[in-house]
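K.L.:
Sharing a structure with you now.
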Amino acid sequence: MPQLQNVVEQIENVVGTKYVTDSEPICYSYSMNCDSVLQGIPDIVVRPGTASEVSEILKIANKEKIKVIPRGGGADLTGGAKPIGNGGIVIDMTRMNKILDIDEANRIVTVETGISWSELCEKLSRVGIGYYTGSTGPASGFSATVGGGLSNNSLGGGGAAMYGTVTEQCVGLEVVLPTGEIIYTGAKANAFCEKPFTRFGLGADYSGLFLGDVGIHGIKTKASLKMYAIPEYAAYSTFEINGTKQESEAVIATKVMTKWQHKELPLHDFYYYTKTYINMLTLFGVKKNLANAGVKGGVLFYTTVADSQRALDYNVERIEKVTKEAGLRKLGPSVEEGNLGKWFYEEDGRWQWANIYWGLLGPEGTSLGTCLKCPTYQLPDYVKLYQEFANKHTKTMLDIGGGGVNFIVIGIHPCYIDITGGIMLHTDKRYREKQYEIWKELLIAQIKELGAVHYWMGEIIGRSLVDAGALTPEYYNFMISIKKALDPNKILCPGKFYLGDQY
Ligand SMILES: Cc1cc2nc3c(=O)[nH]c(=O)nc-3n(C[C@H](O)[C@H](O)[C@H](O)COP(=O)(O)OP(=O)(O)OC[C@H]3O[C@@H](n4cnc5c(N)ncnc54)[C@H](O)[C@@H]3O)c2cc1C
């Protein structure tokens, strides 16, 4: 197509011939990632090296009226990093992966957003006294980038009980707006400010406009994040929870979590694997140590950190007082005896647990993710909702890819928990639409019946929110007004939340 060739040439003038292509196999490969959202194949894939190149590409896209989709590691599970429908330009950010500044005095690190969380944390660990980003990104952090994590409001790769989502660690951004202008948010919005050090001030929280936005408001090219000294002391234990006639497993887990929250105990990480999930692990022969440890119920593990042995012992005493009072069985201290906490903290479990979770069905498995935050007291309601969904759809799920539905709790905050999970099925083109349909049904049930707050929106979750009528007309109009002001030509990620269709 001559017009396409012309656009490729214009982009070549910006990034050079090596970093842009319209080759069919490459474009096709960028229509795929871990999720099974109906695949949109881009026309062009480009890998810029600087913010000004990103800016020039967006200017060309505006001139030519071509849609643009930013992509980090492509580890999104909800269709966020590929076009909705065919066509458009995918901007792959992974060449922009440098650490630009490590400000030890202010404990702030500034990076290009295409760096992965694991690379960033690994490099930080070798600087000075040894640092990390506190909340260390999503569990997909071996491939997921800082830009993707900030756009998806991620957590799950460790440190979330203490530091929350990665967006909470952000103190400023460099963003290329959909029309190509480059701005800084946070302290660096002051042209005379030397280094980023706070997100607030100089007007509203404009960083917030781009955090968790799934890329619809701009392309993040640099991010400044808080960094912390790696704790010198850490402890971790794992417990079995069994339901009783009087109280279900979920009710007991909820009580333990709530007590931890109310006492504000110093948890660094917290995970709860339901009995159903443990049964699945056992069924697939994964985590044999849990079977060897005679685990029949669910499992809960925590990690805690401190800067002295005395402080650590005190943490453990307070945290485990709660598990003792709840009558939970403590597993042995080694990984072989079932101590998932040790595996998680010491043996890369923080960036491996999800591979086990989502990878239960092997390389042909597909993950229909439904991860969300909810008030802790709702945990038993979610168990019920998933159970009802499983009862209703077991046969259908077997017919269209043979998997199941499940979740685990991956974090605890002072006032909410994170529930991660969804439907696991085998990838099968023939069933993609049917898989999409039941996935959406589960999302809409979470949204409508329990007021779920999902943290990645991608394609399917953002649209489910609109379809469920969850966004009030006033809120949705507000979203439209912002989007229209920033992106008058509907260039950036059109279709997410159905935005772009209305103006
Ligand atoms: C095995 C596995 C485990 C996972 N575990 C977790 C988890 O624990 N927690 C969690 O939150 N998620 C998890 N995810 C989902 C996903 O990997 C994360 O949300 C991750 O943060 C996405 O990062 P990414 O770089 O791969 O982004 P991508 O998938 O490339 O993109 C994600 C979204 O961000 C946008 N985007 C990417 N980069 C930019 C940028 N620079 N500027 C603007 N927009 C941008 C994209 O358009 C897209 O909407 C998991 C996925 C897998 C496969």
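By order in the structure tokens, chains are A, B, ...; within a chain, residues start at 1; ligands start at 1, following the order shown.
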Residues at most 6 Å from ligand 1, using only C-alpha atoms and all ligand atoms? Could they come as a ChimeraX atom specification?
P.N.:
/A:34,69-77,80-81,113,138-140,144-145,147-149,151-152,154-157,214-215,218-221,354-355,358,458
K.L.:
Write a file of the selected residues as a CSV table (one decimal), in the first residue's frame, keeping N, CA and C atoms.
P.N.:
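Contents of out31.csv, freshly written:
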chain,number,residue,atom,x,y,z
A,34,CYS,N,0.4,-12.7,25.8
A,34,CYS,CA,0.0,-13.9,26.6
A,34,CYS,C,-1.5,-14.1,26.7
A,69,ILE,N,-0.1,2.4,19.3
A,69,ILE,CA,-0.3,1.6,20.6
A,69,ILE,C,1.1,1.5,21.2
A,70,PRO,N,1.3,2.0,22.4
A,70,PRO,CA,2.6,1.8,23.1
A,70,PRO,C,2.7,0.4,23.6
A,71,ARG,N,3.9,-0.2,23.6
A,71,ARG,CA,4.0,-1.5,24.1
A,71,ARG,C,5.4,-1.6,24.9
A,72,GLY,N,5.3,-2.2,26.1
A,72,GLY,CA,6.5,-2.5,26.8
A,72,GLY,C,7.0,-3.9,26.6
A,73,GLY,N,6.9,-4.7,27.6
A,73,GLY,CA,7.3,-6.1,27.5
A,73,GLY,C,6.2,-7.0,26.8
A,74,GLY,N,5.0,-6.4,26.6
A,74,GLY,CA,4.0,-7.2,25.9
A,74,GLY,C,3.4,-8.3,26.8
A,75,ALA,N,3.6,-8.2,28.2
A,75,ALA,CA,3.2,-9.2,29.1
A,75,ALA,C,1.8,-8.9,29.6
A,76,ASP,N,1.1,-8.0,29.0
A,76,ASP,CA,-0.3,-7.7,29.4
A,76,ASP,C,-1.1,-8.9,29.2
A,77,LEU,N,-2.1,-9.1,30.0
A,77,LEU,CA,-3.0,-10.3,29.9
A,77,LEU,C,-4.4,-9.9,29.4
A,80,GLY,N,-4.0,-5.2,26.2
A,80,GLY,CA,-3.6,-3.7,26.2
A,80,GLY,C,-2.5,-3.3,25.2
A,81,ALA,N,-1.6,-4.2,24.9
A,81,ALA,CA,-0.4,-3.8,24.1
A,81,ALA,C,-0.5,-4.1,22.6
A,113,THR,N,11.6,4.1,30.3
A,113,THR,CA,10.5,3.2,30.8
A,113,THR,C,10.6,1.9,30.1
A,138,PRO,N,5.4,-6.1,38.6
A,138,PRO,CA,4.5,-7.3,38.6
A,138,PRO,C,5.3,-8.6,38.7
A,139,ALA,N,4.6,-9.7,38.8
A,139,ALA,CA,5.3,-11.0,38.9
A,139,ALA,C,5.9,-11.3,37.5
A,140,SER,N,5.5,-10.6,36.5
A,140,SER,CA,6.0,-10.9,35.1
A,140,SER,C,7.3,-10.0,34.9
A,144,ALA,N,8.2,-7.7,31.9
A,144,ALA,CA,7.4,-6.5,32.0
A,144,ALA,C,8.3,-5.3,32.3
A,145,THR,N,8.0,-4.2,31.7
A,145,THR,CA,8.8,-3.0,31.8
A,145,THR,C,8.2,-2.0,32.8
A,147,GLY,N,7.5,1.1,32.2
A,147,GLY,CA,6.3,1.8,31.5
A,147,GLY,C,5.1,1.0,31.5
A,148,GLY,N,5.1,-0.3,31.3
A,148,GLY,CA,3.9,-1.2,31.3
A,148,GLY,C,3.4,-1.3,32.8
A,149,GLY,N,4.3,-1.4,33.7
A,149,GLY,CA,3.8,-1.5,35.1
A,149,GLY,C,3.1,-0.2,35.6
A,151,SER,N,1.7,1.9,33.7
A,151,SER,CA,0.4,2.1,32.9
A,151,SER,C,-0.6,1.1,33.4
A,152,ASN,N,-0.2,0.0,34.0
A,152,ASN,CA,-1.2,-1.0,34.5
A,152,ASN,C,-1.4,-1.0,36.0
A,154,SER,N,0.6,-1.8,38.4
A,154,SER,CA,0.9,-3.2,38.8
A,154,SER,C,1.4,-3.3,40.2
A,155,LEU,N,1.4,-4.6,40.6
A,155,LEU,CA,2.0,-5.0,41.9
A,155,LEU,C,2.0,-6.5,41.7
A,156,GLY,N,2.7,-7.2,42.6
A,156,GLY,CA,2.7,-8.7,42.6
A,156,GLY,C,4.0,-9.3,42.5
A,157,GLY,N,5.1,-8.5,42.2
A,157,GLY,CA,6.4,-9.2,42.2
A,157,GLY,C,7.2,-9.0,43.5
A,214,VAL,N,-3.4,2.8,31.2
A,214,VAL,CA,-3.2,1.9,30.1
A,214,VAL,C,-2.8,2.6,28.8
A,215,GLY,N,-2.0,3.6,28.9
A,215,GLY,CA,-1.4,4.2,27.8
A,215,GLY,C,-2.3,5.2,26.9
A,218,GLY,N,-0.9,9.3,27.1
A,218,GLY,CA,0.5,9.7,26.6
A,218,GLY,C,1.4,8.5,26.6
A,219,ILE,N,2.6,8.7,26.1
A,219,ILE,CA,3.6,7.6,26.1
A,219,ILE,C,4.7,8.0,27.1
A,220,LYS,N,4.8,7.2,28.2
A,220,LYS,CA,5.8,7.5,29.2
A,220,LYS,C,7.1,7.1,28.7
A,221,THR,N,8.1,8.1,28.7
A,221,THR,CA,9.4,7.8,28.2
A,221,THR,C,10.4,7.7,29.3
A,354,ALA,N,3.9,-16.4,39.4
A,354,ALA,CA,2.8,-16.3,38.4
A,354,ALA,C,3.0,-17.2,37.2
A,355,ASN,N,4.3,-17.5,36.9
A,355,ASN,CA,4.5,-18.5,35.8
A,355,ASN,C,3.9,-19.8,36.1
A,358,TRP,N,-0.1,-19.0,36.0
A,358,TRP,CA,-0.7,-18.9,34.7
A,358,TRP,C,-0.2,-20.0,33.8
A,458,GLY,N,-6.5,-3.0,29.9
A,458,GLY,CA,-6.2,-3.6,28.6
A,458,GLY,C,-7.3,-3.2,27.6
K.L.:
With region 321-344 of chain A as the partner and 9 Å as the cut-off, tabulate the residues of region 213-298 of chain A that qualify, each row holding the nearest pair of atoms and their distance in Å to one decimal, using only C-alpha atoms, sorted by chain and rising number, as CSV.
P.N.:
residue,atom,partner,partner_atom,distance
A:Ala235,CA,A:Lys342,CA,7.8
A:Tyr236,CA,A:Gly341,CA,4.9
A:Ser237,CA,A:Gly341,CA,5.3
A:Thr238,CA,A:Asn339,CA,5.1
A:Phe239,CA,A:Lys330,CA,4.4
A:Glu240,CA,A:Arg329,CA,5.2
A:Ile241,CA,A:Leu328,CA,5.6
A:Asn242,CA,A:Leu328,CA,7.8
A:Ile252,CA,A:Ala326,CA,7.3
A:Ala253,CA,A:Ala326,CA,8.9
A:Lys255,CA,A:Ala326,CA,8.2
A:Val256,CA,A:Val322,CA,6.4
A:Lys259,CA,A:Val322,CA,7.0
A:Trp260,CA,A:Val322,CA,7.3
A:Asp269,CA,A:Gly341,CA,8.6
A:Phe270,CA,A:Gly341,CA,8.5
A:Tyr271,CA,A:Gly341,CA,8.6
A:Lys287,CA,A:Gly338,CA,8.2
A:Lys288,CA,A:Gly338,CA,8.5
A:Asn289,CA,A:Gly338,CA,5.1
A:Leu290,CA,A:Gly338,CA,4.9
A:Ala291,CA,A:Gly338,CA,8.3
A:Asn292,CA,A:Glu337,CA,7.3
A:Ala293,CA,A:Glu337,CA,5.6
A:Val295,CA,A:Gly338,CA,8.5
K.L.:
Could you turn the residues from that selection into a file that holds N, CA and C atoms, as an mmCIF file, in the first residue's frame?
P.N.:
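Output below, filename again-v5.cif:
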data_model
loop_
_atom_site.group_PDB
_atom_site.id
_atom_site.type_symbol
_atom_site.label_atom_id
_atom_site.label_comp_id
_atom_site.auth_asym_id
_atom_site.auth_seq_id
_atom_site.Cartn_x
_atom_site.Cartn_y
_atom_site.Cartn_z
ATOM 1 N N ALA A 235 12.538 -12.465 57.272
ATOM 2 C CA ALA A 235 12.009 -13.744 57.768
ATOM 3 C C ALA A 235 10.748 -14.076 56.980
ATOM 4 N N TYR A 236 10.428 -15.368 56.930
ATOM 5 C CA TYR A 236 9.300 -15.804 56.098
ATOM 6 C C TYR A 236 8.804 -17.135 56.610
ATOM 7 N N SER A 237 7.493 -17.263 56.685
ATOM 8 C CA SER A 237 6.912 -18.536 57.116
ATOM 9 C C SER A 237 5.638 -18.816 56.333
ATOM 10 N N THR A 238 5.276 -20.088 56.347
ATOM 11 C CA THR A 238 4.106 -20.533 55.585
ATOM 12 C C THR A 238 3.185 -21.346 56.507
ATOM 13 N N PHE A 239 1.891 -21.174 56.320
ATOM 14 C CA PHE A 239 0.911 -21.813 57.208
ATOM 15 C C PHE A 239 -0.161 -22.492 56.371
ATOM 16 N N GLU A 240 -0.701 -23.548 56.955
ATOM 17 C CA GLU A 240 -1.838 -24.199 56.289
ATOM 18 C C GLU A 240 -3.134 -23.696 56.943
ATOM 19 N N ILE A 241 -4.131 -23.393 56.109
ATOM 20 C CA ILE A 241 -5.441 -23.014 56.651
ATOM 21 C C ILE A 241 -6.442 -24.084 56.248
ATOM 22 N N ASN A 242 -7.159 -24.598 57.213
ATOM 23 C CA ASN A 242 -8.232 -25.546 56.916
ATOM 24 C C ASN A 242 -9.549 -24.996 57.431
ATOM 25 N N ILE A 252 -11.675 -17.810 57.687
ATOM 26 C CA ILE A 252 -10.503 -17.808 58.586
ATOM 27 C C ILE A 252 -9.400 -16.923 57.990
ATOM 28 N N ALA A 253 -9.147 -17.079 56.686
ATOM 29 C CA ALA A 253 -8.105 -16.257 56.036
ATOM 30 C C ALA A 253 -8.438 -14.773 56.180
ATOM 31 N N LYS A 255 -10.151 -13.347 58.519
ATOM 32 C CA LYS A 255 -9.938 -12.890 59.902
ATOM 33 C C LYS A 255 -8.457 -12.618 60.152
ATOM 34 N N VAL A 256 -7.594 -13.520 59.678
ATOM 35 C CA VAL A 256 -6.147 -13.334 59.887
ATOM 36 C C VAL A 256 -5.684 -12.048 59.192
ATOM 37 N N LYS A 259 -6.877 -8.896 60.963
ATOM 38 C CA LYS A 259 -6.128 -8.604 62.196
ATOM 39 C C LYS A 259 -4.774 -8.006 61.855
ATOM 40 N N TRP A 260 -4.120 -8.580 60.853
ATOM 41 C CA TRP A 260 -2.822 -8.029 60.443
ATOM 42 C C TRP A 260 -2.972 -6.570 60.008
ATOM 43 N N ASP A 269 5.508 -8.939 52.324
ATOM 44 C CA ASP A 269 4.713 -9.643 51.320
ATOM 45 C C ASP A 269 3.693 -10.506 52.025
ATOM 46 N N PHE A 270 2.620 -10.766 51.325
ATOM 47 C CA PHE A 270 1.616 -11.654 51.864
ATOM 48 C C PHE A 270 0.914 -12.349 50.706
ATOM 49 N N TYR A 271 0.785 -13.650 50.781
ATOM 50 C CA TYR A 271 0.080 -14.401 49.727
ATOM 51 C C TYR A 271 -0.820 -15.447 50.360
ATOM 52 N N LYS A 287 4.905 -28.033 42.765
ATOM 53 C CA LYS A 287 5.061 -27.774 44.200
ATOM 54 C C LYS A 287 4.819 -29.051 45.014
ATOM 55 N N LYS A 288 5.583 -30.087 44.666
ATOM 56 C CA LYS A 288 5.422 -31.382 45.343
ATOM 57 C C LYS A 288 5.703 -31.244 46.828
ATOM 58 N N ASN A 289 6.514 -30.226 47.172
ATOM 59 C CA ASN A 289 6.848 -30.062 48.593
ATOM 60 C C ASN A 289 5.595 -29.838 49.446
ATOM 61 N N LEU A 290 4.580 -29.182 48.867
ATOM 62 C CA LEU A 290 3.352 -28.962 49.647
ATOM 63 C C LEU A 290 2.651 -30.296 49.897
ATOM 64 N N ALA A 291 2.646 -31.134 48.875
ATOM 65 C CA ALA A 291 2.028 -32.457 49.042
ATOM 66 C C ALA A 291 2.831 -33.245 50.075
ATOM 67 N N ASN A 292 4.169 -33.172 49.959
ATOM 68 C CA ASN A 292 5.009 -33.899 50.923
ATOM 69 C C ASN A 292 4.772 -33.412 52.346
ATOM 70 N N ALA A 293 4.477 -32.109 52.469
ATOM 71 C CA ALA A 293 4.254 -31.549 53.814
ATOM 72 C C ALA A 293 2.849 -31.888 54.322
ATOM 73 N N VAL A 295 -0.038 -30.990 53.092
ATOM 74 C CA VAL A 295 -0.988 -29.866 53.045
ATOM 75 C C VAL A 295 -2.292 -30.312 52.375
#
K.L.:
Quick one: everything within 10 Å of Gln10 (chain A), counting only C-alpha atoms, minus sequence neighbours fewer than 5 positions away in the same chain. Send it as a list in words.
P.N.:
Leu4, Gln5, Val15, Gly16, Glu56, Ile57 and Ile60 of chain A
K.L.:
Include N, CA and C atoms and write out the residues we just selected as a PDB file, in the first residue's frame.
P.N.:
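To be explicit, this is the file written out as selection_4.pdb:
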ATOM      1  N   LEU A   4       1.057   3.392   3.079  1.00  0.00           N
ATOM      2  CA  LEU A   4       1.761   2.737   4.177  1.00  0.00           C
ATOM      3  C   LEU A   4       3.272   2.863   3.963  1.00  0.00           C
ATOM      4  N   GLN A   5       3.697   2.610   2.717  1.00  0.00           N
ATOM      5  CA  GLN A   5       5.120   2.713   2.401  1.00  0.00           C
ATOM      6  C   GLN A   5       5.629   4.123   2.707  1.00  0.00           C
ATOM      7  N   VAL A  15      13.875   7.184  12.867  1.00  0.00           N
ATOM      8  CA  VAL A  15      14.587   6.187  13.692  1.00  0.00           C
ATOM      9  C   VAL A  15      15.662   5.409  12.924  1.00  0.00           C
ATOM     10  N   GLY A  16      15.709   5.587  11.600  1.00  0.00           N
ATOM     11  CA  GLY A  16      16.638   4.785  10.783  1.00  0.00           C
ATOM     12  C   GLY A  16      15.938   3.515  10.324  1.00  0.00           C
ATOM     13  N   GLU A  56       8.302  12.532  17.376  1.00  0.00           N
ATOM     14  CA  GLU A  56       8.203  12.671  15.910  1.00  0.00           C
ATOM     15  C   GLU A  56       7.251  11.624  15.324  1.00  0.00           C
ATOM     16  N   ILE A  57       7.308  10.412  15.870  1.00  0.00           N
ATOM     17  CA  ILE A  57       6.415   9.346  15.366  1.00  0.00           C
ATOM     18  C   ILE A  57       4.951   9.731  15.616  1.00  0.00           C
ATOM     19  N   ILE A  60       3.829  12.286  13.121  1.00  0.00           N
ATOM     20  CA  ILE A  60       3.513  11.667  11.824  1.00  0.00           C
ATOM     21  C   ILE A  60       2.138  10.982  11.907  1.00  0.00           C
TER      22      ILE A  60
END
K.L.:
Set out as a tab-separated table a contact list for region 147-239 of chain A and region 473-490 of chain A with a cut-off of 8 Å, giving each residue of region 147-239 of chain A that qualifies its closest atom pair and distance in Å to one decimal, counting only C-alpha atoms, ordered by chain and rising residue number.
P.N.:
residue	atom	partner	partner_atom	distance
A:Leu177	CA	A:Leu486	CA	7.0
A:Pro178	CA	A:Asp487	CA	5.4
A:Thr179	CA	A:Asp487	CA	6.4
A:Ile216	CA	A:Lys483	CA	7.6
A:His217	CA	A:Lys483	CA	6.7
K.L.:
Any idea what the distance is between CA of Thr282 (chain A) and CA of Gly243 (chain A)?
P.N.:
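Between CA of Thr282 (chain A) and CA of Gly243 (chain A) the gap is 18.7 Å.
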K.L.:
Run DSSP on the backbone and grab whatever in region 217-331 of chain A lands in helix (DSSP H, G or I); send it over as a PyMOL selection string.
P.N.:
chain A and resi 249-262+275-283+288-292+309-325
K.L.:
Skipping near chain neighbours, those fewer than 6 positions away, what residues fall within 8 Å of Thr133 (chain A) using only C-alpha atoms, listed as a ChimeraX atom specification?
P.N.:
/A:121,169,225-228
K.L.:
Output the selection as a PDB file, in the first residue's frame - C-alpha atoms for each residue.
P.N.:
ATOM      1  CA  CYS A 121      16.227  -4.171  40.595  1.00  0.00           C
ATOM      2  CA  GLN A 169       6.482   4.747  44.131  1.00  0.00           C
ATOM      3  CA  LEU A 225      10.828   6.065  41.270  1.00  0.00           C
ATOM      4  CA  LYS A 226      11.619   5.926  44.961  1.00  0.00           C
ATOM      5  CA  MET A 227      14.292   3.415  45.879  1.00  0.00           C
ATOM      6  CA  TYR A 228      15.019   1.756  49.209  1.00  0.00           C
TER       7      TYR A 228
END
K.L.:
Identify which of the residues A:Thr136, A:Ile460, A:Ile412, A:Glu112 lies closest to Tyr377 (chain A), counting only C-alpha atoms when measuring atom-to-atom distances.
P.N.:
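Using only C-alpha atoms, Tyr377 (chain A) sits closest to A:Ile412.
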K.L.:
Got a sec: who's within 9 Å of Ala229 (chain A), counting only C-alpha atoms, leaving out chain neighbours fewer than 6 positions off, as a PyMOL selection string?
P.N.:
chain A and resi 107+125+129-134
K.L.:
Mind giving me the straight-line distance from CA of Leu425 (chain A) to CA of Gly365 (chain A) in Å, one decimal?
P.N.:
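One can read the CA of Leu425 (chain A) to CA of Gly365 (chain A) distance as 5.6 Å.
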K.L.:
Env of Val175 (chain A): 10 Å cut, atoms = only C-alpha atoms, seq-sep filter 5 positions within chain, self excluded. Answer as a PyMOL selection string.
P.N.:
chain A and resi 51+54-55+180-185+207+210+217-223
K.L.:
For the structure I just gave you, how does DSSP split region 362-429 of chain A - specifically, which residues are strand (DSSP E)? Reply as a list in words.
P.N.:
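Strand (DSSP E) assignments inside region 362-429 of chain A correspond to Gly365, Thr366, Ser367, Leu368, Gly369, Leu372, Lys373, Cys374, Gly404, Val405, Asn406, Phe407, Ile408, Val409, Ile410, Gly411, Ile412, Ile417, Asp418, Ile419, Thr420, Gly421, Gly422, Ile423, Met424, Leu425 and His426 of chain A.
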K.L.:
Which residues come within 9 Å of Glu168 (chain A), counting only C-alpha atoms, excluding same-chain residues fewer than 4 positions away, as a PyMOL selection string?
P.N.:
chain A and resi 135+153+163-164+225
K.L.:
Hey, can you check how far CA of Leu465 (chain A) sits from CA of Tyr498 (chain A)?
P.N.:
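Answer for the CA of Leu465 (chain A) to CA of Tyr498 (chain A) separation: 10.1 Å.
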K.L.:
Would you please work out which residue, of A:Val7, A:Val166, A:Leu450, A:Ile423, is nearest to Ser36 (chain A) when using only C-alpha atoms?
P.N.:
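Closest candidate: A:Ile423.
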